[in-house]
Each structure stands twice: as structure tokens, then as C-alpha cells.
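Text of target_24.cif (mmCIF, C-alpha atoms) as supplied:
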data_target
#
loop_
_atom_site.label_atom_id
_atom_site.label_comp_id
_atom_site.auth_asym_id
_atom_site.auth_seq_id
_atom_site.Cartn_x
_atom_site.Cartn_y
_atom_site.Cartn_z
CA MET T 270 -28.18 -23.26 -2.45
CA THR T 271 -26.89 -20.83 0.18
CA SER T 272 -27.40 -17.20 -0.82
CA VAL T 273 -24.49 -14.77 -0.95
CA THR T 274 -25.89 -13.03 2.13
CA GLU T 275 -26.04 -16.29 4.10
CA TYR T 276 -22.60 -17.33 2.89
CA MET T 277 -20.97 -14.04 3.88
CA HIS T 278 -22.68 -13.97 7.28
CA ASP T 279 -21.46 -17.52 7.92
CA LEU T 280 -17.91 -16.33 7.13
CA GLY T 281 -18.42 -13.40 9.47
CA LYS T 282 -19.64 -15.54 12.36
CA THR T 283 -16.78 -17.98 11.92
CA ALA T 284 -14.23 -15.14 11.69
CA ARG T 285 -15.55 -13.55 14.88
CA THR T 286 -15.13 -16.83 16.75
CA ALA T 287 -11.64 -17.34 15.31
CA SER T 288 -10.64 -13.80 16.26
CA ARG T 289 -10.96 -14.68 19.94
CA SER T 290 -8.53 -17.57 19.53
CA MET T 291 -6.12 -15.38 17.58
CA ALA T 292 -6.22 -12.63 20.22
CA ARG T 293 -4.89 -15.04 22.86
CA ALA T 294 -2.43 -16.93 20.61
CA SER T 295 1.18 -16.85 21.72
CA THR T 296 3.90 -15.20 19.69
CA ALA T 297 5.65 -18.55 19.20
CA THR T 298 2.48 -20.14 17.85
CA LYS T 299 1.84 -17.34 15.38
CA ASN T 300 5.45 -17.39 14.21
CA LEU T 301 5.30 -21.15 13.70
CA ALA T 302 2.32 -20.71 11.37
CA LEU T 303 4.09 -17.99 9.37
CA ARG T 304 7.31 -19.95 8.95
CA HIS T 305 5.41 -23.06 7.85
CA MET T 306 3.55 -20.99 5.26
CA ALA T 307 6.89 -19.71 3.93
CA ASP T 308 8.26 -23.26 3.73
CA LEU T 309 5.16 -24.45 1.86
CA ILE T 310 5.35 -21.63 -0.70
CA GLU T 311 9.00 -22.48 -1.28
CA LEU T 312 8.17 -26.16 -1.78
CA GLN T 313 5.11 -25.50 -3.94
CA ALA T 314 6.36 -22.55 -5.99
CA SER T 315 6.01 -24.32 -9.33
CA ALA T 316 2.48 -25.48 -8.56
CA LEU T 317 1.51 -21.98 -7.44
CA GLN T 318 2.86 -20.48 -10.64
CA SER T 319 0.96 -23.05 -12.68
CA GLU T 320 -2.28 -21.94 -11.02
CA ASN T 321 -1.26 -18.33 -11.58
CA THR T 322 -0.69 -19.06 -15.29
CA LYS T 323 -4.35 -20.10 -15.58
CA ASP T 324 -5.36 -16.66 -14.30
CA ILE T 325 -2.93 -14.90 -16.66
CA VAL T 326 -4.22 -16.80 -19.70
CA GLN T 327 -7.80 -15.88 -18.83
CA ALA T 328 -6.84 -12.24 -18.22
CA ARG T 329 -5.14 -11.98 -21.61
CA ALA T 330 -8.16 -13.57 -23.27
CA LYS T 331 -10.30 -10.82 -21.73
CA GLY T 332 -8.00 -8.20 -23.23
CA LEU T 333 -6.75 -6.84 -19.90
CA ASP T 334 -3.78 -4.47 -20.26
CA ASP T 335 -0.11 -5.07 -19.49
CA ALA T 336 -0.23 -3.13 -16.22
CA PHE T 337 -3.01 -5.42 -14.98
CA ILE T 338 -1.09 -8.53 -16.09
CA ASP T 339 1.99 -7.26 -14.28
CA ARG T 340 0.06 -6.93 -11.01
CA LEU T 341 -1.48 -10.37 -11.52
CA THR T 342 1.74 -12.27 -12.21
CA LEU T 343 3.45 -14.37 -9.54
CA SER T 344 6.94 -14.09 -10.99
CA ASP T 345 9.94 -15.77 -9.37
CA LYS T 346 10.70 -12.43 -7.71
CA ALA T 347 7.13 -12.08 -6.44
CA VAL T 348 7.22 -15.61 -4.97
CA ALA T 349 10.58 -14.92 -3.32
CA THR T 350 9.21 -11.66 -1.89
CA MET T 351 6.20 -13.47 -0.38
CA ILE T 352 8.50 -16.00 1.27
CA ALA T 353 10.83 -13.29 2.57
CA GLY T 354 7.86 -11.26 3.80
CA LEU T 355 6.47 -14.15 5.82
CA ARG T 356 9.82 -14.83 7.44
CA GLN T 357 10.41 -11.15 8.12
CA VAL T 358 7.01 -10.77 9.79
CA ALA T 359 7.81 -13.82 11.93
CA GLU T 360 10.98 -12.05 13.12
CA LEU T 361 9.23 -8.80 13.98
CA PRO T 362 8.35 -8.02 17.60
CA ASP T 363 4.81 -9.01 18.48
CA PRO T 364 2.87 -5.84 19.31
CA ILE T 365 0.00 -7.65 21.06
CA GLY T 366 0.02 -7.28 24.82
CA GLN T 367 2.68 -4.57 24.86
CA MET T 368 2.02 -2.11 27.67
CA ASN T 369 3.42 1.39 28.00
CA ASN T 370 2.78 5.01 28.98
CA PHE T 371 2.16 4.03 32.61
CA LYS T 372 1.99 6.83 35.12
CA PRO T 373 0.95 6.94 38.77
CA LEU T 374 -1.78 9.45 39.62
CA PRO T 375 -2.51 11.28 42.87
CA SER T 376 -5.67 9.22 43.38
CA GLY T 377 -3.56 6.12 43.91
CA ILE T 378 -4.23 4.39 40.58
CA THR T 379 -1.66 3.77 37.86
CA VAL T 380 -2.87 4.22 34.27
CA GLY T 381 -1.28 2.89 31.09
CA GLN T 382 -2.15 1.40 27.72
CA MET T 383 -2.10 -2.09 26.21
CA ARG T 384 -1.90 -2.87 22.50
CA VAL T 385 -4.67 -5.24 21.31
CA PRO T 386 -5.94 -6.64 17.98
CA LEU T 387 -8.66 -4.88 16.01
CA GLY T 388 -10.63 -8.17 15.75
CA VAL T 389 -11.91 -9.10 12.28
CA ILE T 390 -10.48 -7.34 9.26
CA GLY T 391 -12.09 -7.53 5.83
CA ILE T 392 -9.64 -7.02 2.98
CA ILE T 393 -10.84 -6.37 -0.57
CA TYR T 394 -8.29 -6.38 -3.37
CA GLU T 395 -8.20 -6.82 -7.11
CA SER T 396 -5.49 -8.30 -9.25
CA ARG T 397 -2.55 -8.83 -6.88
CA PRO T 398 -2.56 -12.41 -5.52
CA ASN T 399 0.49 -11.68 -3.35
CA VAL T 400 -1.86 -9.60 -1.19
CA THR T 401 -3.37 -12.87 0.03
CA ILE T 402 -0.06 -13.70 1.70
CA ASP T 403 0.82 -10.18 2.84
CA ALA T 404 -2.61 -9.71 4.42
CA ALA T 405 -2.69 -13.13 6.02
CA ALA T 406 0.79 -12.70 7.50
CA LEU T 407 0.08 -9.33 9.07
CA CYS T 408 -3.34 -10.33 10.39
CA ILE T 409 -2.00 -13.54 11.93
CA LYS T 410 0.96 -11.83 13.63
CA SER T 411 -1.24 -8.98 14.93
CA GLY T 412 -3.72 -11.47 16.42
CA ASN T 413 -6.61 -10.69 14.06
CA ALA T 414 -8.90 -12.86 11.98
CA THR T 415 -9.45 -11.83 8.37
CA ILE T 416 -11.85 -12.32 5.49
CA LEU T 417 -10.08 -11.88 2.14
CA ARG T 418 -11.99 -11.03 -1.02
CA GLY T 419 -9.62 -11.09 -3.99
CA GLY T 420 -10.45 -10.25 -7.57
CA SER T 421 -12.15 -12.84 -9.77
CA GLU T 422 -9.24 -12.57 -12.23
CA ALA T 423 -6.90 -14.10 -9.61
CA LEU T 424 -9.26 -16.82 -8.40
CA HIS T 425 -6.96 -19.80 -9.13
CA SER T 426 -3.96 -18.07 -7.54
CA ASN T 427 -5.85 -16.95 -4.45
CA GLN T 428 -7.42 -20.34 -3.81
CA ALA T 429 -4.02 -22.03 -4.05
CA LEU T 430 -2.49 -19.52 -1.65
CA ALA T 431 -5.45 -19.87 0.73
CA LYS T 432 -4.77 -23.59 1.07
CA ILE T 433 -1.18 -22.82 2.04
CA VAL T 434 -2.24 -20.24 4.61
CA GLN T 435 -4.76 -22.57 6.21
CA ALA T 436 -2.24 -25.40 6.26
CA GLY T 437 0.16 -23.12 8.11
CA LEU T 438 -2.52 -22.23 10.67
CA ALA T 439 -3.45 -25.87 11.20
CA HIS T 440 0.22 -26.83 11.59
CA ALA T 441 0.50 -24.36 14.47
CA GLY T 442 -2.77 -25.45 16.09
CA LEU T 443 -4.58 -22.22 15.19
CA PRO T 444 -8.09 -22.15 13.67
CA GLU T 445 -7.98 -22.38 9.88
CA SER T 446 -10.96 -20.02 9.84
CA ALA T 447 -8.70 -17.22 11.10
CA VAL T 448 -8.00 -16.55 7.41
CA GLN T 449 -10.91 -17.13 5.03
CA VAL T 450 -10.83 -16.39 1.30
CA VAL T 451 -14.21 -15.60 -0.27
CA ASN T 452 -14.75 -18.24 -2.96
CA THR T 453 -17.47 -16.53 -4.98
CA PRO T 454 -16.80 -13.92 -7.69
CA ASP T 455 -20.28 -12.46 -7.11
CA ARG T 456 -19.90 -8.70 -6.52
CA ALA T 457 -22.70 -8.89 -3.98
CA ALA T 458 -20.18 -10.48 -1.60
CA VAL T 459 -18.37 -7.15 -1.38
CA GLY T 460 -21.61 -5.35 -0.54
CA GLU T 461 -22.22 -7.77 2.30
CA LEU T 462 -18.67 -7.63 3.65
CA ILE T 463 -18.57 -3.83 3.90
CA THR T 464 -21.87 -3.64 5.81
CA MET T 465 -21.48 -6.53 8.30
CA THR T 466 -20.78 -4.30 11.28
CA GLU T 467 -21.74 -7.07 13.71
CA TYR T 468 -18.85 -9.26 12.48
CA VAL T 469 -16.25 -7.03 10.79
CA ASP T 470 -14.32 -4.32 12.62
CA VAL T 471 -12.46 -2.65 9.76
CA ILE T 472 -12.23 -2.86 5.96
CA VAL T 473 -8.99 -2.46 4.03
CA PRO T 474 -9.51 -1.98 0.29
CA ARG T 475 -6.58 -2.46 -2.09
CA GLY T 476 -7.61 -1.73 -5.63
CA GLY T 477 -8.41 0.82 -8.27
CA LYS T 478 -10.18 4.12 -7.92
CA SER T 479 -13.59 2.74 -8.88
CA LEU T 480 -13.42 0.11 -6.12
CA ILE T 481 -12.43 2.65 -3.47
CA GLU T 482 -15.12 5.11 -4.58
CA ARG T 483 -17.76 2.39 -4.36
CA LEU T 484 -16.67 1.42 -0.88
CA MET T 485 -16.52 5.02 0.29
CA ALA T 486 -20.13 5.45 -0.85
CA ASP T 487 -21.56 2.16 0.46
CA ALA T 488 -19.48 0.93 3.42
CA ARG T 489 -20.82 0.97 6.96
CA VAL T 490 -17.70 -0.66 8.39
CA PRO T 491 -14.79 1.79 9.00
CA MET T 492 -12.05 1.72 6.35
CA ILE T 493 -8.27 2.14 6.14
CA LYS T 494 -7.65 3.26 2.56
CA HIS T 495 -6.16 5.58 -0.01
CA LEU T 496 -7.88 6.64 -3.21
CA ASP T 497 -5.05 7.73 -5.55
CA GLY T 498 -1.29 7.52 -5.72
CA ILE T 499 -0.39 10.80 -7.40
CA CYS T 500 3.25 10.87 -6.33
CA HIS T 501 5.65 13.75 -7.03
CA THR T 502 9.39 14.30 -7.06
CA TYR T 503 10.74 17.85 -6.83
CA ILE T 504 14.28 18.53 -8.08
CA ASP T 505 15.51 21.53 -6.10
CA VAL T 506 18.02 24.13 -7.26
CA ALA T 507 20.51 22.63 -4.78
CA ALA T 508 20.10 19.07 -6.08
CA ASP T 509 23.00 16.80 -6.94
CA ILE T 510 22.31 16.22 -10.64
CA ALA T 511 23.63 12.65 -10.70
CA LYS T 512 21.42 11.74 -7.74
CA ALA T 513 18.44 13.48 -9.31
CA ILE T 514 18.74 11.55 -12.56
CA LYS T 515 19.26 8.22 -10.81
CA VAL T 516 16.39 8.67 -8.35
CA CYS T 517 13.87 10.13 -10.81
CA ASP T 518 14.58 7.44 -13.41
CA ASN T 519 13.92 4.76 -10.79
CA ALA T 520 10.85 6.52 -9.37
CA LYS T 521 9.15 6.37 -12.77
CA THR T 522 10.53 3.40 -14.67
CA GLN T 523 11.39 0.72 -12.10
CA ARG T 524 7.74 -0.34 -12.36
CA TYR T 525 4.83 1.58 -13.83
CA ALA T 526 1.83 -0.06 -12.17
CA PRO T 527 2.34 0.46 -8.40
CA CYS T 528 0.66 3.28 -6.54
CA ASN T 529 4.02 4.64 -5.33
CA THR T 530 5.39 5.27 -8.85
CA MET T 531 6.12 8.94 -9.59
CA GLU T 532 3.45 10.52 -11.79
CA THR T 533 4.57 14.18 -11.78
CA LEU T 534 8.08 15.61 -11.88
CA LEU T 535 8.62 19.18 -10.67
CA VAL T 536 11.93 20.93 -11.44
CA HIS T 537 13.34 24.24 -10.16
CA ARG T 538 13.69 26.72 -13.00
CA GLU T 539 17.41 27.36 -12.42
CA ILE T 540 18.49 23.72 -12.49
CA ALA T 541 16.12 22.58 -15.24
CA PRO T 542 18.58 23.18 -18.15
CA ASN T 543 21.19 21.02 -16.41
CA VAL T 544 18.99 18.06 -15.50
CA LEU T 545 15.89 17.82 -17.72
CA PRO T 546 17.51 17.16 -21.13
CA GLN T 547 19.55 14.22 -19.78
CA LEU T 548 16.71 12.81 -17.70
CA CYS T 549 14.07 13.15 -20.40
CA GLN T 550 16.32 11.46 -22.93
CA ILE T 551 16.40 8.46 -20.58
CA TYR T 552 12.62 8.52 -20.32
CA GLN T 553 12.15 8.67 -24.06
CA ASP T 554 14.67 5.86 -24.60
CA LYS T 555 12.41 3.81 -22.31
CA SER T 556 9.28 4.85 -24.25
CA VAL T 557 7.84 7.01 -21.50
CA GLU T 558 5.34 9.55 -22.86
CA LEU T 559 6.19 13.03 -21.57
CA ARG T 560 3.35 15.47 -20.89
CA VAL T 561 4.97 18.85 -20.35
CA ASP T 562 4.19 22.47 -19.58
CA ALA T 563 5.27 25.21 -22.01
CA PRO T 564 8.66 26.04 -20.39
CA THR T 565 9.59 22.35 -20.33
CA ARG T 566 8.63 21.95 -23.99
CA ALA T 567 10.73 24.94 -25.01
CA LEU T 568 13.76 23.68 -23.06
CA LEU T 569 13.54 20.10 -24.37
CA GLU T 570 12.95 21.08 -28.00
CA LYS T 571 15.96 23.41 -27.77
CA ASN T 572 17.97 20.33 -26.77
CA GLY T 573 16.66 18.19 -29.63
CA LEU T 574 13.91 16.20 -27.86
CA THR T 575 10.63 15.79 -29.71
CA ASN T 576 7.45 13.68 -29.38
CA LEU T 577 6.26 15.79 -26.47
CA VAL T 578 2.63 16.16 -25.40
CA ASP T 579 1.23 19.37 -23.93
CA ALA T 580 0.09 18.79 -20.35
CA THR T 581 -3.49 19.66 -19.53
CA GLU T 582 -4.93 20.72 -16.18
CA GLU T 583 -6.22 17.16 -15.77
CA ASP T 584 -2.73 15.70 -16.08
CA TRP T 585 -1.58 17.27 -12.82
CA SER T 586 -4.19 15.27 -10.90
CA THR T 587 -3.97 11.99 -12.83
CA GLU T 588 -2.57 8.68 -11.60
CA TYR T 589 -1.37 7.10 -14.85
CA LEU T 590 -0.13 3.68 -13.64
CA ALA T 591 1.52 3.58 -17.08
CA PRO T 592 4.66 4.84 -18.89
CA ILE T 593 3.41 8.43 -18.86
CA LEU T 594 4.94 11.29 -16.87
CA SER T 595 3.84 14.88 -16.32
CA ILE T 596 6.64 17.46 -16.02
CA LYS T 597 6.45 21.04 -14.79
CA ILE T 598 9.11 23.69 -14.21
CA VAL T 599 8.48 25.71 -11.03
CA ASP T 600 9.98 28.92 -9.71
CA ASP T 601 10.96 27.77 -6.24
CA LEU T 602 10.30 25.49 -3.26
CA ASP T 603 7.13 27.35 -2.33
CA ALA T 604 5.66 26.73 -5.78
CA ALA T 605 6.57 23.04 -5.60
CA ILE T 606 4.97 22.58 -2.18
CA GLU T 607 1.86 24.47 -3.27
CA HIS T 608 1.54 22.31 -6.40
CA ILE T 609 1.95 19.06 -4.44
CA ASN T 610 -0.51 19.99 -1.70
CA HIS T 611 -3.05 21.15 -4.30
CA TYR T 612 -2.83 18.33 -6.87
CA GLY T 613 -1.36 15.45 -4.87
CA SER T 614 -3.19 12.61 -3.15
CA ALA T 615 -1.24 12.71 0.15
CA HIS T 616 0.44 9.41 -0.72
CA THR T 617 4.20 9.84 -1.29
CA ASP T 618 6.29 12.83 -2.37
CA ALA T 619 10.06 13.35 -2.57
CA ILE T 620 12.59 16.15 -2.82
CA ILE T 621 16.07 15.96 -4.33
CA THR T 622 18.33 18.53 -2.66
CA GLU T 623 21.59 18.96 -0.77
CA ASN T 624 20.24 21.95 1.17
CA HIS T 625 19.32 20.88 4.70
CA SER T 626 16.92 23.72 5.52
CA THR T 627 15.13 23.33 2.18
CA ALA T 628 14.79 19.60 2.80
CA GLN T 629 13.38 20.14 6.29
CA ARG T 630 10.80 22.62 5.00
CA PHE T 631 9.66 20.12 2.36
CA LEU T 632 9.45 17.27 4.87
CA ARG T 633 7.43 19.40 7.30
CA GLU T 634 5.13 21.20 4.89
CA VAL T 635 4.19 18.56 2.31
CA ASP T 636 1.02 16.98 3.71
CA SER T 637 1.52 13.37 2.62
CA SER T 638 1.68 10.03 4.40
CA SER T 639 5.30 9.53 3.25
CA VAL T 640 7.80 12.30 2.44
CA MET T 641 11.29 11.51 1.21
CA LEU T 642 14.69 13.14 0.78
CA ASN T 643 16.96 12.00 -2.06
CA ALA T 644 15.13 8.70 -2.40
CA SER T 645 12.79 7.12 -4.94
CA THR T 646 9.06 7.17 -4.18
CA ARG T 647 9.12 3.45 -5.02
CA PHE T 648 10.35 2.85 -1.46
CA ALA T 649 6.90 3.71 -0.04
CA ASP T 650 6.07 0.12 0.75
CA GLY T 651 5.66 -1.91 3.90
CA PHE T 652 8.34 -4.43 2.96
CA GLU T 653 10.87 -1.68 2.19
CA TYR T 654 9.98 0.15 5.43
CA GLY T 655 10.87 -2.93 7.45
CA LEU T 656 7.25 -3.75 8.28
CA GLY T 657 7.61 -7.25 6.80
CA ALA T 658 4.78 -6.51 4.41
CA GLU T 659 1.90 -4.10 4.23
CA ILE T 660 -1.82 -4.51 4.21
CA GLY T 661 -2.25 -1.28 2.28
CA ILE T 662 -1.37 2.39 2.20
CA SER T 663 -3.43 4.88 4.16
CA ASN T 664 -3.50 8.58 3.37
CA ASP T 665 -6.13 9.15 6.04
CA LYS T 666 -5.04 10.87 9.25
CA LEU T 667 -6.96 8.82 11.81
CA HIS T 668 -5.60 5.58 13.32
CA ALA T 669 -3.07 4.60 10.62
CA ARG T 670 -1.16 6.59 7.99
CA GLY T 671 1.28 5.48 5.29
CA PRO T 672 2.11 1.78 4.77
CA VAL T 673 -0.04 -0.17 7.24
CA GLY T 674 1.87 -2.93 8.98
CA LEU T 675 1.45 -4.73 12.29
CA GLU T 676 0.90 -1.70 14.50
CA GLY T 677 -1.69 -0.30 12.10
CA LEU T 678 -3.77 -3.44 12.63
CA THR T 679 -3.94 -2.94 16.37
CA SER T 680 -5.61 -0.58 18.80
CA LEU T 681 -4.94 0.56 22.34
CA LYS T 682 -6.99 0.09 25.47
CA TYR T 683 -6.42 1.66 28.84
CA VAL T 684 -5.17 -0.50 31.71
CA VAL T 685 -5.69 0.71 35.28
CA TYR T 686 -3.89 -0.76 38.32
CA GLY T 687 -5.20 -0.10 41.81
CA ASP T 688 -4.87 -1.45 45.32
CA GLY T 689 -8.38 -1.32 46.70
CA SER T 690 -8.59 2.14 45.16
CA VAL T 691 -11.89 4.02 45.32
CA ARG T 692 -12.89 7.36 43.92
CA VAL T 693 -13.74 10.10 46.39
#

Structure encoded using C-alpha cells:
Amino acid sequence: MTSVTEYMHDLGKTARTASRSMARASTATKNLALRHMADLIELQASALQSENTKDIVQARAKGLDDAFIDRLTLSDKAVATMIAGLRQVAELPDPIGQMNNFKPLPSGITVGQMRVPLGVIGIIYESRPNVTIDAAALCIKSGNATILRGGSEALHSNQALAKIVQAGLAHAGLPESAVQVVNTPDRAAVGELITMTEYVDVIVPRGGKSLIERLMADARVPMIKHLDGICHTYIDVAADIAKAIKVCDNAKTQRYAPCNTMETLLVHREIAPNVLPQLCQIYQDKSVELRVDAPTRALLEKNGLTNLVDATEEDWSTEYLAPILSIKIVDDLDAAIEHINHYGSAHTDAIITENHSTAQRFLREVDSSSVMLNASTRFADGFEYGLGAEIGISNDKLHARGPVGLEGLTSLKYVVYGDGSVRV
């Protein structure tokens, strides 16, 4: 039997070969593959969901929580989003081969840059089977090959989706090995993937904190990643109260599991009496546990709200991924920015205000990959940003930051034009 090491190195060699074909593939060919994949998902939706049900049944038998099940489920909406994502990526401009920033120099040469694929991308993710499609779509369109290692809990779903992806590639005359899904649940496969520097150019992890921490400690291949999604919304003294309630309700309760869900709400002291009682009543009606500082407790109890939990220091730096929200009243914008930059994870943070100068200060000074004005943090997503899909969120500052779409999966090389030019 082939060992995990041999198996993973075989995948790596095959991916490296496929990457050369993908780098020279035409835009029309890549788009043909993506559209065929979308058509196949549409035709095979029921069969895909049947495979997904097998994974859900096994996950429930293991006692996995509701947030995990939510991420695992290929609902009708999730299937429709995969289809729409594939078609949207097919419509996006192809970044590969784009050339710009050309300038003539006194020496007689002209220097510019060309956008090129990264090569082979290893993507490690846990419970979300839709990542198989998002990742495949973006890697195909950006001219890369990819090795996908999904979680063992989604094995049936991922294998079914892999067949669709490879059928789409074959239909367009592209190598099926351009997208390979690791078929072993052995954790040693991850250890091999993140150290195969001779075959893999970059790793993109999409998963929980423990996965990211392991990869940060053990990986030799460069990574595009974020560790936590501790997202904040600050309600400023100049906020429109109706907007604040609408946006903050959505930011927390539209879905609890994603990394762009609000985990901490900050409220200016002067506006707190006008907004917090109404907003927190909505949260409690939706069974959201409120972990509050002392001023928030006093205000809410005065207005008849109970079942409050005292926030601890740990709460301010916790990503709940659950119906739990930390709330703090702050003195001003400076205090809000200081809190976010101290406790946040540089993922996504929002301000609710009608004051232009206050908004601009927040947008400039909050050091996060996405900053928002009068909008829910739940928009921090490649699909919502018009990227077609995303391969992950990066809160690093090198190469890619924020939702990573097509451009984030490319690099630049210099192109020099001469006419018998020599250096003197």
C-alpha cells in the first residue's frame, strides 16, 4: 500500500505538471470549465445533497454542535450560491497576462509588470464542503493548480463535488489533475502538504483556530491565512438609531458561525440609552446571550432586561461563533478605536455614524483587513465583494489582505522591452 508520504508527493508532482498547463490555458477554456461545473451542480443538486446528508448524519452521531452542522450543510441556498459563484467567476476579467505600469527609462528599455499565477496552491479546510467549489473556481480562473484537503466530516460531499470539478475540467480539455481532492482522512496528509516546498507554492488554511495554530507552527510553505474573526461594530454618538439597530441585528444574528459575524458591540456613552435597550431586546428575543460591562448592565436592568452575564477580560478577545455577544459602552471614538486595535483580530470592523469626519477617522485608523461604514460585518466575503467567491480571508499585510479572490492568487513579474539594448 502506498504510504501517505508517497501519496501526497504523487499529488504534488501531478499538480506541478498540471500547473504548467493551467498557466497557459486561455480565458475561454477556463470559463468553459467553470460554466460546465455550474451546469452539473444544477443538474445533480439532489444527488449532491444526498451525499451531504450522509456527512450530516455521521456528524450528528459524533455529537458535533449546531454551528458545525450549519457549516457542513449544503442547503438549497448553499447549492444556489455555489452555482452563482461559478458563473460569476466565469464572468470576471481574467487577471492572467495583464500587463501594466510600463514606463520608458533613459537607458532605452521599457519596464512594466505582468500578472501570473502562483503555481500550485494547497488549500486545507474543515467542515465547509462549498469551499471545494469556491477554491476550485478561483484556482482554475487564476491559472493555478490546487490540492484540496477537506475535513473528514465532509468526505462524501467533497468527493461528490470533486467529480463535478474534474468533469468540468475534462469537458474543457484541461487536465483533471489541476484540481485534486485528498482522499485520505489521515492527518499526516496535512503535515506532508504544508512541507512540500518543491511542489506547493502557497497554503491557504480555512478552519478553526487549532488548525491555523498547527499550520503556523509546522508549515514550511508560505501561507495566506487569518487566525480569528473577532469582529466589532461601534455605534457612534452621531449614529442613525434605526440604521444602527438594523445593521447590528444583522451583524450578529443573520448567521452565528461565520468568521465575519460581529462578536463585540461598542456603543458611545451618550447614545447608549437610546439604542441599547431596543437592540438588546431583539437579541434576547433571539436567544442571544449578552455578556456586558458594568455600565451596560446598569442601563439594561434599568430598562427591564435581565439574564445578563458579566463580561470578563477574556470575552473581549473571544471569537464565539455562537449566539453570544459582548457589549461595552465607551466614552468616545478614540476609546472605540483603541479597544478594536487592542482586542481585535484585524478581520472586519464597522462604524455606524452620520458624521463624515468621524467615519473617515475610523476607516483610516482601525487596522483591519476590512473596515465598514453603516454596513453589517457579514458583508466581509468574497462573493459579496464581487470577487465571485473567496479562497479565504487574510489579515496578514503581505501579498493579499481581506477576502482573497482572483488577484490574491496571482503574483507579478517584471517585463522588460528593449531594442538591442545594452547596459553601459

So what do you get for atom CA of Ala458 of chain T versus atom CA of Asp650 of chain T, distance-wise?
28.4 Å

Exactly which residues make up the result of the PyMOL selection byres ((chain T and resi 387) around 8) on this file, given as a CSV table (one decimal) with C-alpha atoms, keeping the file's coordinate frame?
chain,number,residue,atom,x,y,z
T,385,VAL,CA,-4.7,-5.2,21.3
T,386,PRO,CA,-5.9,-6.6,18.0
T,388,GLY,CA,-10.6,-8.2,15.8
T,389,VAL,CA,-11.9,-9.1,12.3
T,390,ILE,CA,-10.5,-7.3,9.3
T,413,ASN,CA,-6.6,-10.7,14.1
T,470,ASP,CA,-14.3,-4.3,12.6
T,471,VAL,CA,-12.5,-2.6,9.8
T,678,LEU,CA,-3.8,-3.4,12.6
T,679,THR,CA,-3.9,-2.9,16.4
T,680,SER,CA,-5.6,-0.6,18.8

Selection near segment 417-431 of chain T, 9 Å with only C-alpha atoms, sequence-local residues under 6 positions removed, as a PyMOL selection string
chain T and resi 310+316-325+327-328+341+343+390-402+404-405+448-455+458-459+462

Test item: axis-aligned box, all listed atoms of segment 428-431 of chain T, 6 Å on each side, centre and edges in Å rounded to one decimal, as JSON:
{"center_x": -5.0, "center_y": -20.8, "center_z": -1.7, "size_x": 16.9, "size_y": 14.5, "size_z": 16.8}

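Every protein, DNA or RNA residue with an atom at most 10 Å from Pro491 of chain T, where all atoms listed in the file count and chain neighbours fewer than 4 positions away do not, is listed here: Ile463, Thr464, Thr466, Val469, Asp470, Val471, Ile472, Val473 and Met485 of chain T.
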
Atom completion result for segment 353-365 of chain T (N, CA, C and O atoms) as a PDB file, keeping the file's coordinate frame:
ATOM      1  N   ALA T 353      10.034 -14.168   1.702  1.00  0.00           N
ATOM      2  CA  ALA T 353      10.830 -13.290   2.570  1.00  0.00           C
ATOM      3  C   ALA T 353       9.939 -12.481   3.495  1.00  0.00           C
ATOM      4  O   ALA T 353      10.269 -12.261   4.669  1.00  0.00           O
ATOM      5  N   GLY T 354       8.786 -12.038   2.986  1.00  0.00           N
ATOM      6  CA  GLY T 354       7.860 -11.260   3.800  1.00  0.00           C
ATOM      7  C   GLY T 354       7.335 -12.060   4.983  1.00  0.00           C
ATOM      8  O   GLY T 354       7.268 -11.561   6.111  1.00  0.00           O
ATOM      9  N   LEU T 355       6.954 -13.291   4.744  1.00  0.00           N
ATOM     10  CA  LEU T 355       6.470 -14.150   5.820  1.00  0.00           C
ATOM     11  C   LEU T 355       7.534 -14.337   6.901  1.00  0.00           C
ATOM     12  O   LEU T 355       7.252 -14.240   8.101  1.00  0.00           O
ATOM     13  N   ARG T 356       8.746 -14.603   6.469  1.00  0.00           N
ATOM     14  CA  ARG T 356       9.820 -14.830   7.440  1.00  0.00           C
ATOM     15  C   ARG T 356      10.190 -13.549   8.165  1.00  0.00           C
ATOM     16  O   ARG T 356      10.531 -13.572   9.357  1.00  0.00           O
ATOM     17  N   GLN T 357      10.106 -12.426   7.472  1.00  0.00           N
ATOM     18  CA  GLN T 357      10.410 -11.150   8.120  1.00  0.00           C
ATOM     19  C   GLN T 357       9.344 -10.805   9.154  1.00  0.00           C
ATOM     20  O   GLN T 357       9.657 -10.349  10.259  1.00  0.00           O
ATOM     21  N   VAL T 358       8.083 -11.038   8.824  1.00  0.00           N
ATOM     22  CA  VAL T 358       7.010 -10.770   9.790  1.00  0.00           C
ATOM     23  C   VAL T 358       7.172 -11.659  11.017  1.00  0.00           C
ATOM     24  O   VAL T 358       6.943 -11.229  12.154  1.00  0.00           O
ATOM     25  N   ALA T 359       7.594 -12.914  10.797  1.00  0.00           N
ATOM     26  CA  ALA T 359       7.810 -13.820  11.930  1.00  0.00           C
ATOM     27  C   ALA T 359       8.910 -13.303  12.855  1.00  0.00           C
ATOM     28  O   ALA T 359       8.876 -13.556  14.068  1.00  0.00           O
ATOM     29  N   GLU T 360       9.871 -12.567  12.311  1.00  0.00           N
ATOM     30  CA  GLU T 360      10.980 -12.050  13.120  1.00  0.00           C
ATOM     31  C   GLU T 360      10.643 -10.747  13.823  1.00  0.00           C
ATOM     32  O   GLU T 360      11.343 -10.346  14.761  1.00  0.00           O
ATOM     33  N   LEU T 361       9.572 -10.086  13.380  1.00  0.00           N
ATOM     34  CA  LEU T 361       9.230  -8.800  13.980  1.00  0.00           C
ATOM     35  C   LEU T 361       8.706  -8.972  15.404  1.00  0.00           C
ATOM     36  O   LEU T 361       8.102  -9.985  15.735  1.00  0.00           O
ATOM     37  N   PRO T 362       8.927  -7.958  16.248  1.00  0.00           N
ATOM     38  CA  PRO T 362       8.350  -8.020  17.600  1.00  0.00           C
ATOM     39  C   PRO T 362       6.833  -8.101  17.534  1.00  0.00           C
ATOM     40  O   PRO T 362       6.204  -7.479  16.674  1.00  0.00           O
ATOM     41  N   ASP T 363       6.265  -8.869  18.419  1.00  0.00           N
ATOM     42  CA  ASP T 363       4.810  -9.010  18.480  1.00  0.00           C
ATOM     43  C   ASP T 363       4.241  -7.816  19.247  1.00  0.00           C
ATOM     44  O   ASP T 363       4.559  -7.609  20.417  1.00  0.00           O
ATOM     45  N   PRO T 364       3.389  -7.020  18.596  1.00  0.00           N
ATOM     46  CA  PRO T 364       2.870  -5.840  19.310  1.00  0.00           C
ATOM     47  C   PRO T 364       1.806  -6.175  20.345  1.00  0.00           C
ATOM     48  O   PRO T 364       1.552  -5.371  21.259  1.00  0.00           O
ATOM     49  N   ILE T 365       1.161  -7.347  20.213  1.00  0.00           N
ATOM     50  CA  ILE T 365       0.000  -7.650  21.060  1.00  0.00           C
ATOM     51  C   ILE T 365       0.426  -7.864  22.521  1.00  0.00           C
ATOM     52  O   ILE T 365       1.339  -8.630  22.815  1.00  0.00           O
TER      53      ILE T 365
END
